[in-house]
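Student: Please find protein23.cif (mmCIF, C-alpha atoms and all ligand atoms) on the next line:
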```cif
data_data
#
loop_
_atom_site.group_PDB
_atom_site.id
_atom_site.type_symbol
_atom_site.label_atom_id
_atom_site.label_comp_id
_atom_site.auth_asym_id
_atom_site.auth_seq_id
_atom_site.Cartn_x
_atom_site.Cartn_y
_atom_site.Cartn_z
ATOM 1 C CA MET A 638 11.420 1.932 25.372
ATOM 2 C CA MET A 639 12.560 -1.463 24.129
ATOM 3 C CA ILE A 640 13.824 -0.335 20.705
ATOM 4 C CA SER A 641 16.354 2.360 19.766
ATOM 5 C CA GLN A 642 15.283 5.921 18.942
ATOM 6 C CA LYS A 643 16.770 5.443 15.480
ATOM 7 C CA MET A 644 14.564 2.398 14.917
ATOM 8 C CA ALA A 645 11.472 4.174 16.264
ATOM 9 C CA ASP A 646 12.128 7.201 14.009
ATOM 10 C CA ALA A 647 12.482 4.950 10.958
ATOM 11 C CA ILE A 648 9.224 3.140 11.748
ATOM 12 C CA ASN A 649 7.438 6.465 12.278
ATOM 13 C CA GLU A 650 8.662 7.565 8.855
ATOM 14 C CA GLN A 651 7.253 4.375 7.336
ATOM 15 C CA ILE A 652 3.944 4.890 9.163
ATOM 16 C CA LYS A 653 3.723 8.177 7.272
ATOM 17 C CA ASN A 654 4.500 6.376 3.993
ATOM 18 C CA GLU A 655 1.789 3.782 4.638
ATOM 19 C CA PHE A 656 -0.832 6.411 5.492
ATOM 20 C CA TYR A 657 0.257 8.383 2.424
ATOM 21 C CA SER A 658 -0.219 5.244 0.298
ATOM 22 C CA GLY A 659 -3.800 5.076 1.540
ATOM 23 C CA TRP A 660 -4.261 8.786 0.850
ATOM 24 C CA LEU A 661 -2.940 8.269 -2.683
ATOM 25 C CA TYR A 662 -5.224 5.304 -3.378
ATOM 26 C CA LEU A 663 -8.237 7.135 -1.985
ATOM 27 C CA ALA A 664 -7.547 10.017 -4.386
ATOM 28 C CA MET A 665 -7.292 7.472 -7.195
ATOM 29 C CA ALA A 666 -10.594 5.894 -6.092
ATOM 30 C CA PHE A 667 -12.337 9.243 -6.513
ATOM 31 C CA LYS A 668 -10.689 9.685 -9.922
ATOM 32 C CA ALA A 669 -11.925 6.231 -10.997
ATOM 33 C CA ASP A 670 -15.398 7.221 -9.769
ATOM 34 C CA GLU A 671 -15.226 10.285 -12.019
ATOM 35 C CA MET A 672 -14.467 7.950 -14.936
ATOM 36 C CA SER A 673 -17.532 5.823 -13.998
ATOM 37 C CA LEU A 674 -15.224 2.865 -13.411
ATOM 38 C CA LYS A 675 -16.972 1.788 -10.213
ATOM 39 C CA VAL A 676 -15.165 -1.531 -9.819
ATOM 40 C CA PHE A 677 -11.739 0.084 -10.135
ATOM 41 C CA ALA A 678 -12.943 2.696 -7.632
ATOM 42 C CA GLU A 679 -13.842 -0.100 -5.207
ATOM 43 C CA TRP A 680 -10.484 -1.774 -5.829
ATOM 44 C CA PHE A 681 -8.687 1.485 -4.903
ATOM 45 C CA ARG A 682 -10.863 1.828 -1.795
ATOM 46 C CA GLN A 683 -9.795 -1.649 -0.748
ATOM 47 C CA GLN A 684 -6.165 -0.640 -1.330
ATOM 48 C CA GLU A 685 -6.721 2.360 0.937
ATOM 49 C CA ALA A 686 -8.138 0.185 3.714
ATOM 50 C CA GLU A 687 -5.155 -2.171 3.425
ATOM 51 C CA GLU A 688 -2.664 0.691 3.653
ATOM 52 C CA ARG A 689 -4.377 2.079 6.740
ATOM 53 C CA ALA A 690 -4.153 -1.393 8.272
ATOM 54 C CA HIS A 691 -0.427 -1.564 7.395
ATOM 55 C CA ALA A 692 0.127 1.779 9.117
ATOM 56 C CA MET A 693 -1.929 0.824 12.184
ATOM 57 C CA LYS A 694 -0.029 -2.428 12.591
ATOM 58 C CA MET A 695 3.195 -0.388 12.826
ATOM 59 C CA CYS A 696 1.572 2.076 15.270
ATOM 60 C CA ASP A 697 0.545 -0.831 17.498
ATOM 61 C CA TYR A 698 4.051 -2.277 17.292
ATOM 62 C CA LEU A 699 5.622 1.007 18.435
ATOM 63 C CA SER A 700 3.159 1.169 21.327
ATOM 64 C CA ASP A 701 3.949 -2.414 22.314
ATOM 65 C CA GLN A 702 7.641 -1.496 22.339
ATOM 66 C CA GLY A 703 7.015 1.549 24.543
ATOM 67 C CA ALA A 704 7.937 3.976 21.734
ATOM 68 C CA GLU A 705 6.104 7.142 20.775
ATOM 69 C CA VAL A 706 3.824 7.066 17.719
ATOM 70 C CA ALA A 707 4.599 10.381 16.013
ATOM 71 C CA LEU A 708 2.014 11.090 13.327
ATOM 72 C CA SER A 709 3.015 13.742 10.805
ATOM 73 C CA ALA A 710 1.293 15.711 8.018
ATOM 74 C CA LEU A 711 0.660 13.893 4.761
ATOM 75 C CA ASP A 712 1.589 15.401 1.396
ATOM 76 C CA GLN A 713 -1.136 16.046 -1.124
ATOM 77 C CA PRO A 714 -1.389 12.955 -3.363
ATOM 78 C CA THR A 715 0.199 13.579 -6.771
ATOM 79 C CA PHE A 716 -0.237 11.149 -9.655
ATOM 80 C CA ASP A 717 -1.067 10.890 -13.331
ATOM 81 C CA GLY A 718 -4.847 10.539 -13.335
ATOM 82 C CA SER A 719 -5.291 10.879 -17.097
ATOM 83 C CA SER A 720 -6.500 7.284 -17.498
ATOM 84 C CA ILE A 721 -7.073 4.162 -15.442
ATOM 85 C CA GLY A 722 -3.982 2.624 -17.067
ATOM 86 C CA ALA A 723 -1.865 5.577 -15.962
ATOM 87 C CA MET A 724 -3.164 5.252 -12.384
ATOM 88 C CA ILE A 725 -2.491 1.523 -12.202
ATOM 89 C CA ASP A 726 1.027 2.120 -13.565
ATOM 90 C CA GLU A 727 1.487 4.748 -10.835
ATOM 91 C CA THR A 728 0.327 2.148 -8.310
ATOM 92 C CA VAL A 729 2.989 -0.308 -9.497
ATOM 93 C CA LYS A 730 5.645 2.418 -9.251
ATOM 94 C CA HIS A 731 4.457 3.354 -5.770
ATOM 95 C CA GLU A 732 4.449 -0.235 -4.499
ATOM 96 C CA ILE A 733 8.023 -0.684 -5.783
ATOM 97 C CA PHE A 734 8.960 2.463 -3.857
ATOM 98 C CA ILE A 735 7.300 1.059 -0.702
ATOM 99 C CA THR A 736 9.152 -2.237 -1.156
ATOM 100 C CA ASP A 737 12.391 -0.259 -1.215
ATOM 101 C CA CYS A 738 11.351 1.621 1.968
ATOM 102 C CA ILE A 739 10.627 -1.671 3.763
ATOM 103 C CA SER A 740 13.956 -3.032 2.642
ATOM 104 C CA LYS A 741 15.734 0.014 4.112
ATOM 105 C CA LEU A 742 13.773 -0.410 7.331
ATOM 106 C CA VAL A 743 14.991 -4.005 7.553
ATOM 107 C CA ASP A 744 18.546 -2.705 7.082
ATOM 108 C CA VAL A 745 18.066 -0.366 10.068
ATOM 109 C CA ALA A 746 16.774 -3.271 12.189
ATOM 110 C CA LYS A 747 19.857 -5.288 11.227
ATOM 111 C CA SER A 748 22.265 -2.439 11.959
ATOM 112 C CA GLU A 749 20.588 -1.881 15.352
ATOM 113 C CA ASN A 750 20.768 -5.623 16.147
ATOM 114 C CA ASP A 751 17.028 -5.406 16.710
ATOM 115 C CA ASN A 752 15.772 -8.957 16.282
ATOM 116 C CA ALA A 753 12.211 -8.196 17.389
ATOM 117 C CA THR A 754 11.763 -5.473 14.763
ATOM 118 C CA PHE A 755 13.554 -7.551 12.129
ATOM 119 C CA ASN A 756 11.077 -10.328 12.837
ATOM 120 C CA PHE A 757 8.098 -7.944 12.842
ATOM 121 C CA LEU A 758 9.113 -6.547 9.449
ATOM 122 C CA GLN A 759 9.174 -9.929 7.729
ATOM 123 C CA TRP A 760 5.377 -9.726 7.400
ATOM 124 C CA TYR A 761 5.822 -6.520 5.359
ATOM 125 C CA VAL A 762 8.574 -8.074 3.236
ATOM 126 C CA GLU A 763 6.184 -10.872 2.246
ATOM 127 C CA GLU A 764 3.253 -8.507 1.822
ATOM 128 C CA GLN A 765 5.234 -6.358 -0.617
ATOM 129 C CA VAL A 766 6.072 -9.364 -2.800
ATOM 130 C CA GLU A 767 2.344 -10.085 -3.021
ATOM 131 C CA GLU A 768 1.384 -6.422 -3.574
ATOM 132 C CA VAL A 769 3.880 -5.769 -6.368
ATOM 133 C CA ALA A 770 2.912 -9.043 -8.086
ATOM 134 C CA SER A 771 -0.830 -8.363 -7.932
ATOM 135 C CA VAL A 772 -0.663 -4.734 -9.101
ATOM 136 C CA THR A 773 1.762 -5.667 -11.893
ATOM 137 C CA GLU A 774 -0.692 -8.337 -13.056
ATOM 138 C CA LEU A 775 -3.505 -5.781 -12.997
ATOM 139 C CA ALA A 776 -1.381 -3.301 -15.000
ATOM 140 C CA ASP A 777 -0.789 -6.039 -17.613
ATOM 141 C CA LEU A 778 -4.516 -6.815 -17.776
ATOM 142 C CA VAL A 779 -5.405 -3.144 -18.245
ATOM 143 C CA LYS A 780 -2.962 -2.963 -21.179
ATOM 144 C CA LEU A 781 -4.359 -6.187 -22.618
ATOM 145 C CA ALA A 782 -7.941 -4.959 -22.303
ATOM 146 C CA GLY A 783 -7.271 -1.562 -23.879
ATOM 147 C CA PRO A 784 -9.770 1.274 -23.422
ATOM 148 C CA ASN A 785 -12.634 -0.622 -25.109
ATOM 149 C CA GLN A 786 -12.705 -3.630 -22.829
ATOM 150 C CA LEU A 787 -12.277 -2.024 -19.423
ATOM 151 C CA LEU A 788 -15.845 -2.877 -18.445
ATOM 152 C CA MET A 789 -15.196 -6.536 -19.200
ATOM 153 C CA LEU A 790 -12.073 -6.359 -17.059
ATOM 154 C CA GLU A 791 -14.139 -4.780 -14.275
ATOM 155 C CA ASN A 792 -16.442 -7.816 -14.383
ATOM 156 C CA ARG A 793 -13.442 -10.074 -13.940
ATOM 157 C CA MET A 794 -12.182 -7.958 -11.026
ATOM 158 C CA LYS A 795 -15.440 -8.305 -9.082
ATOM 159 C CA GLU A 796 -14.499 -11.795 -7.925
ATOM 160 C CA THR A 797 -11.091 -10.646 -6.638
ATOM 161 C CA ILE A 798 -12.711 -7.736 -4.834
ATOM 162 C CA ALA A 799 -15.278 -9.981 -3.150
ATOM 163 C CA GLN A 800 -12.534 -12.364 -2.083
ATOM 164 C CA ARG A 801 -10.396 -9.542 -0.644
ATOM 165 C CA ALA A 802 -13.413 -8.149 1.206
ATOM 166 C CA SER A 803 -13.824 -11.478 2.995
ATOM 167 C CA GLU A 804 -10.160 -11.586 4.123
ATOM 168 C CA PRO A 805 -8.647 -9.775 7.124
ATOM 169 C CA SER A 806 -6.646 -6.826 5.709
ATOM 170 C CA ALA A 807 -3.603 -7.201 7.954
HETATM 171 FE FE1 LIG B 901 1.564 -0.886 2.555
HETATM 172 FE FE2 LIG B 901 0.937 -1.224 -0.447
HETATM 173 O O1 LIG B 901 2.186 -1.154 0.898
#
```
Would you mind writing the structure in this file as structure tokens?
Tutor:
Amino acid sequence: MMISQKMADAINEQIKNEFYSGWLYLAMAFKADEMSLKVFAEWFRQQEAEERAHAMKMCDYLSDQGAEVALSALDQPTFDGSSIGAMIDETVKHEIFITDCISKLVDVAKSENDNATFNFLQWYVEEQVEEVASVTELADLVKLAGPNQLLMLENRMKETIAQRASEPSA
């Protein structure tokens, strides 16, 4: 194994967090479906696919470094599903939490003098800046739209969704 056990354990913990993020967004997608907000549901499904890709990228990295990929049980997703606004706010909160997790992972790489992992993690550092910015913008738009103009907002989101669908997710 080319990285320390401490580093491998920390990455395995983050793999769980990334898969859980996908699990959470999938649950939110079904909730949005229940609300007949099909475009939001699709947006959450795209989020789920991205999170799975984030997790898989870390799994592949551990394999490349000769470390064990240790998958563990995911918690049941818990969130406020009372409205689409509440779910998007939960998404912002969750992405801020993930940003903090990535930051701590970078700290482990630094303390282990692990340049390869430090370098690998920079992709996630950048990705989190983009994720927090885009979900925060969506949360603002949902507030601006209010409950009566969500369908109009969904129309606006269709373009973003089509663009994301044409991009590689990781
Ligand atoms: Fe993988 Fe949304 O952070």
Student: Using only C-alpha atoms and all ligand atoms, which residues of chain A come within 9 Å of ligand LIG 901 (chain B), and what is the closest atom pair for each, with the distance in Å to one decimal? Give it as CSV, sorted by chain and residue number.
Tutor:
```
residue,atom,partner,partner_atom,distance
A:Asn654,CA,B:LIG901,FE1,8.0
A:Glu655,CA,B:LIG901,FE1,5.1
A:Phe656,CA,B:LIG901,FE1,8.2
A:Ser658,CA,B:LIG901,FE2,6.6
A:Gly659,CA,B:LIG901,FE1,8.1
A:Gln684,CA,B:LIG901,FE2,7.2
A:Glu685,CA,B:LIG901,FE2,8.6
A:Glu687,CA,B:LIG901,FE1,6.9
A:Glu688,CA,B:LIG901,FE1,4.6
A:Arg689,CA,B:LIG901,FE1,7.8
A:Ala690,CA,B:LIG901,FE1,8.1
A:His691,CA,B:LIG901,FE1,5.3
A:Ala692,CA,B:LIG901,FE1,7.2
A:Thr728,CA,B:LIG901,FE2,8.6
A:His731,CA,B:LIG901,FE2,7.9
A:Glu732,CA,B:LIG901,FE2,5.5
A:Ile733,CA,B:LIG901,O1,8.9
A:Ile735,CA,B:LIG901,O1,5.8
A:Thr736,CA,B:LIG901,O1,7.3
A:Ile739,CA,B:LIG901,O1,8.9
A:Tyr761,CA,B:LIG901,FE1,7.6
A:Glu764,CA,B:LIG901,O1,7.5
A:Gln765,CA,B:LIG901,O1,6.2
A:Glu768,CA,B:LIG901,FE2,6.1
A:Val769,CA,B:LIG901,FE2,8.0
```
Student: Listed atoms of range 789-794 of chain A, axis-aligned box, 5 Å per side: centre and edge lengths to one decimal in Å, as JSON?
Tutor:
```
{"center_x": -14.3, "center_y": -7.4, "center_z": -15.1, "size_x": 14.4, "size_y": 15.3, "size_z": 18.2}
```
Student: Skip Met639 in chain A itself and residues of its chain fewer than 3 positions away, then list as a PyMOL selection string all residues within 9 Å of it, counting all atoms listed in the file.
Tutor: chain A and resi 701-704
Student: Run through the PyMOL selection byres (((chain A and resi 719-725) around 10) and not hetatm) on the given coordinates and return the selected residues as an NGL selection string.
Tutor: :A and (662 or 665-666 or 668-669 or 672 or 674 or 677-678 or 681 or 716-718 or 726-731 or 772-773 or 775-780 or 783-784 or 787)
Student: Select, from A:Lys675, A:Trp680, A:Trp760, A:Leu708, the residue with the minimum atom-to-atom distance to Gln651 in chain A, counting only C-alpha atoms.
Tutor: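 For Gln651 in chain A, the nearest of the given residues is A:Leu708.
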Student: Mind checking which residues fall within 12 Å of Asp744 in chain A, counting all atoms listed in the file, ignoring those fewer than 5 positions away in the same chain, and posting them as a PyMOL selection string?
Tutor: chain A and resi 643-644+647-648+737-739+749-752+754-755+758-759+762
Student: Do you have the CA of Ile640 in chain A-CA of Trp660 in chain A distance handy?
Tutor: 28.4 Å
Student: Quick one: pull the distance between CA of Ser641 in chain A and CA of Val706 in chain A, Å, one decimal.
Tutor: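 Atom-to-atom, CA of Ser641 in chain A and CA of Val706 in chain A are spaced 13.5 Å apart.
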Student: So how far away is CA of Val676 in chain A from CA of Lys795 in chain A, in Å?
Tutor: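 Going from CA of Lys795 in chain A over to CA of Val676 in chain A, I get 6.8 Å.
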Student: I need the residue nearest Ser700 in chain A from this list: A:Met638, A:Glu679, A:Lys747, A:Ser803. Use only C-alpha atoms for the distance.
Tutor: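 Checking each of A:Met638, A:Glu679, A:Lys747, A:Ser803 against Ser700 in chain A, counting only C-alpha atoms, the winner is A:Met638.
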Student: Quick one: range 747-761 of chain A from the block, N, CA, C and O atoms, as an mmCIF file, in the first residue's frame.
Tutor:
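Printed below is result-v3.cif as written:
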```
data_model
loop_
_atom_site.group_PDB
_atom_site.id
_atom_site.type_symbol
_atom_site.label_atom_id
_atom_site.label_comp_id
_atom_site.auth_asym_id
_atom_site.auth_seq_id
_atom_site.Cartn_x
_atom_site.Cartn_y
_atom_site.Cartn_z
ATOM 1 N N LYS A 747 -2.088 16.412 4.523
ATOM 2 C CA LYS A 747 -0.947 17.282 4.883
ATOM 3 C C LYS A 747 -0.181 16.689 6.063
ATOM 4 O O LYS A 747 1.041 16.618 6.046
ATOM 5 N N SER A 748 -0.938 16.251 7.085
ATOM 6 C CA SER A 748 -0.256 15.744 8.290
ATOM 7 C C SER A 748 0.473 14.437 8.012
ATOM 8 O O SER A 748 1.428 14.093 8.702
ATOM 9 N N GLU A 749 0.029 13.701 6.984
ATOM 10 C CA GLU A 749 0.701 12.440 6.614
ATOM 11 C C GLU A 749 1.803 12.672 5.577
ATOM 12 O O GLU A 749 2.387 11.714 5.077
ATOM 13 N N ASN A 750 2.033 13.927 5.224
ATOM 14 C CA ASN A 750 2.989 14.265 4.143
ATOM 15 C C ASN A 750 2.696 13.476 2.880
ATOM 16 O O ASN A 750 3.615 12.988 2.210
ATOM 17 N N ASP A 751 1.416 13.368 2.564
ATOM 18 C CA ASP A 751 0.980 12.542 1.432
ATOM 19 C C ASP A 751 0.659 13.458 0.238
ATOM 20 O O ASP A 751 -0.466 13.923 0.065
ATOM 21 N N ASN A 752 1.668 13.716 -0.551
ATOM 22 C CA ASN A 752 1.503 14.667 -1.665
ATOM 23 C C ASN A 752 0.540 14.153 -2.736
ATOM 24 O O ASN A 752 -0.203 14.924 -3.332
ATOM 25 N N ALA A 753 0.583 12.834 -2.977
ATOM 26 C CA ALA A 753 -0.281 12.273 -4.026
ATOM 27 C C ALA A 753 -1.748 12.472 -3.649
ATOM 28 O O ALA A 753 -2.566 12.911 -4.470
ATOM 29 N N THR A 754 -2.084 12.162 -2.381
ATOM 30 C CA THR A 754 -3.484 12.308 -1.964
ATOM 31 C C THR A 754 -3.865 13.787 -1.890
ATOM 32 O O THR A 754 -4.974 14.176 -2.283
ATOM 33 N N PHE A 755 -2.940 14.610 -1.413
ATOM 34 C CA PHE A 755 -3.201 16.054 -1.368
ATOM 35 C C PHE A 755 -3.567 16.536 -2.774
ATOM 36 O O PHE A 755 -4.555 17.244 -2.971
ATOM 37 N N ASN A 756 -2.794 16.108 -3.727
ATOM 38 C CA ASN A 756 -3.021 16.497 -5.126
ATOM 39 C C ASN A 756 -4.365 15.955 -5.635
ATOM 40 O O ASN A 756 -5.152 16.679 -6.248
ATOM 41 N N PHE A 757 -4.622 14.701 -5.347
ATOM 42 C CA PHE A 757 -5.891 14.063 -5.754
ATOM 43 C C PHE A 757 -7.097 14.832 -5.204
ATOM 44 O O PHE A 757 -8.106 15.028 -5.885
ATOM 45 N N LEU A 758 -6.978 15.287 -3.960
ATOM 46 C CA LEU A 758 -8.118 15.936 -3.300
ATOM 47 C C LEU A 758 -8.420 17.335 -3.816
ATOM 48 O O LEU A 758 -9.510 17.865 -3.573
ATOM 49 N N GLN A 759 -7.472 17.922 -4.530
ATOM 50 C CA GLN A 759 -7.714 19.295 -5.020
ATOM 51 C C GLN A 759 -8.920 19.341 -5.960
ATOM 52 O O GLN A 759 -9.633 20.334 -6.018
ATOM 53 N N TRP A 760 -9.166 18.255 -6.690
ATOM 54 C CA TRP A 760 -10.338 18.201 -7.566
ATOM 55 C C TRP A 760 -11.613 18.379 -6.736
ATOM 56 O O TRP A 760 -12.540 19.096 -7.116
ATOM 57 N N TYR A 761 -11.639 17.714 -5.557
ATOM 58 C CA TYR A 761 -12.826 17.799 -4.686
ATOM 59 C C TYR A 761 -12.960 19.196 -4.062
ATOM 60 O O TYR A 761 -14.071 19.681 -3.873
#
```
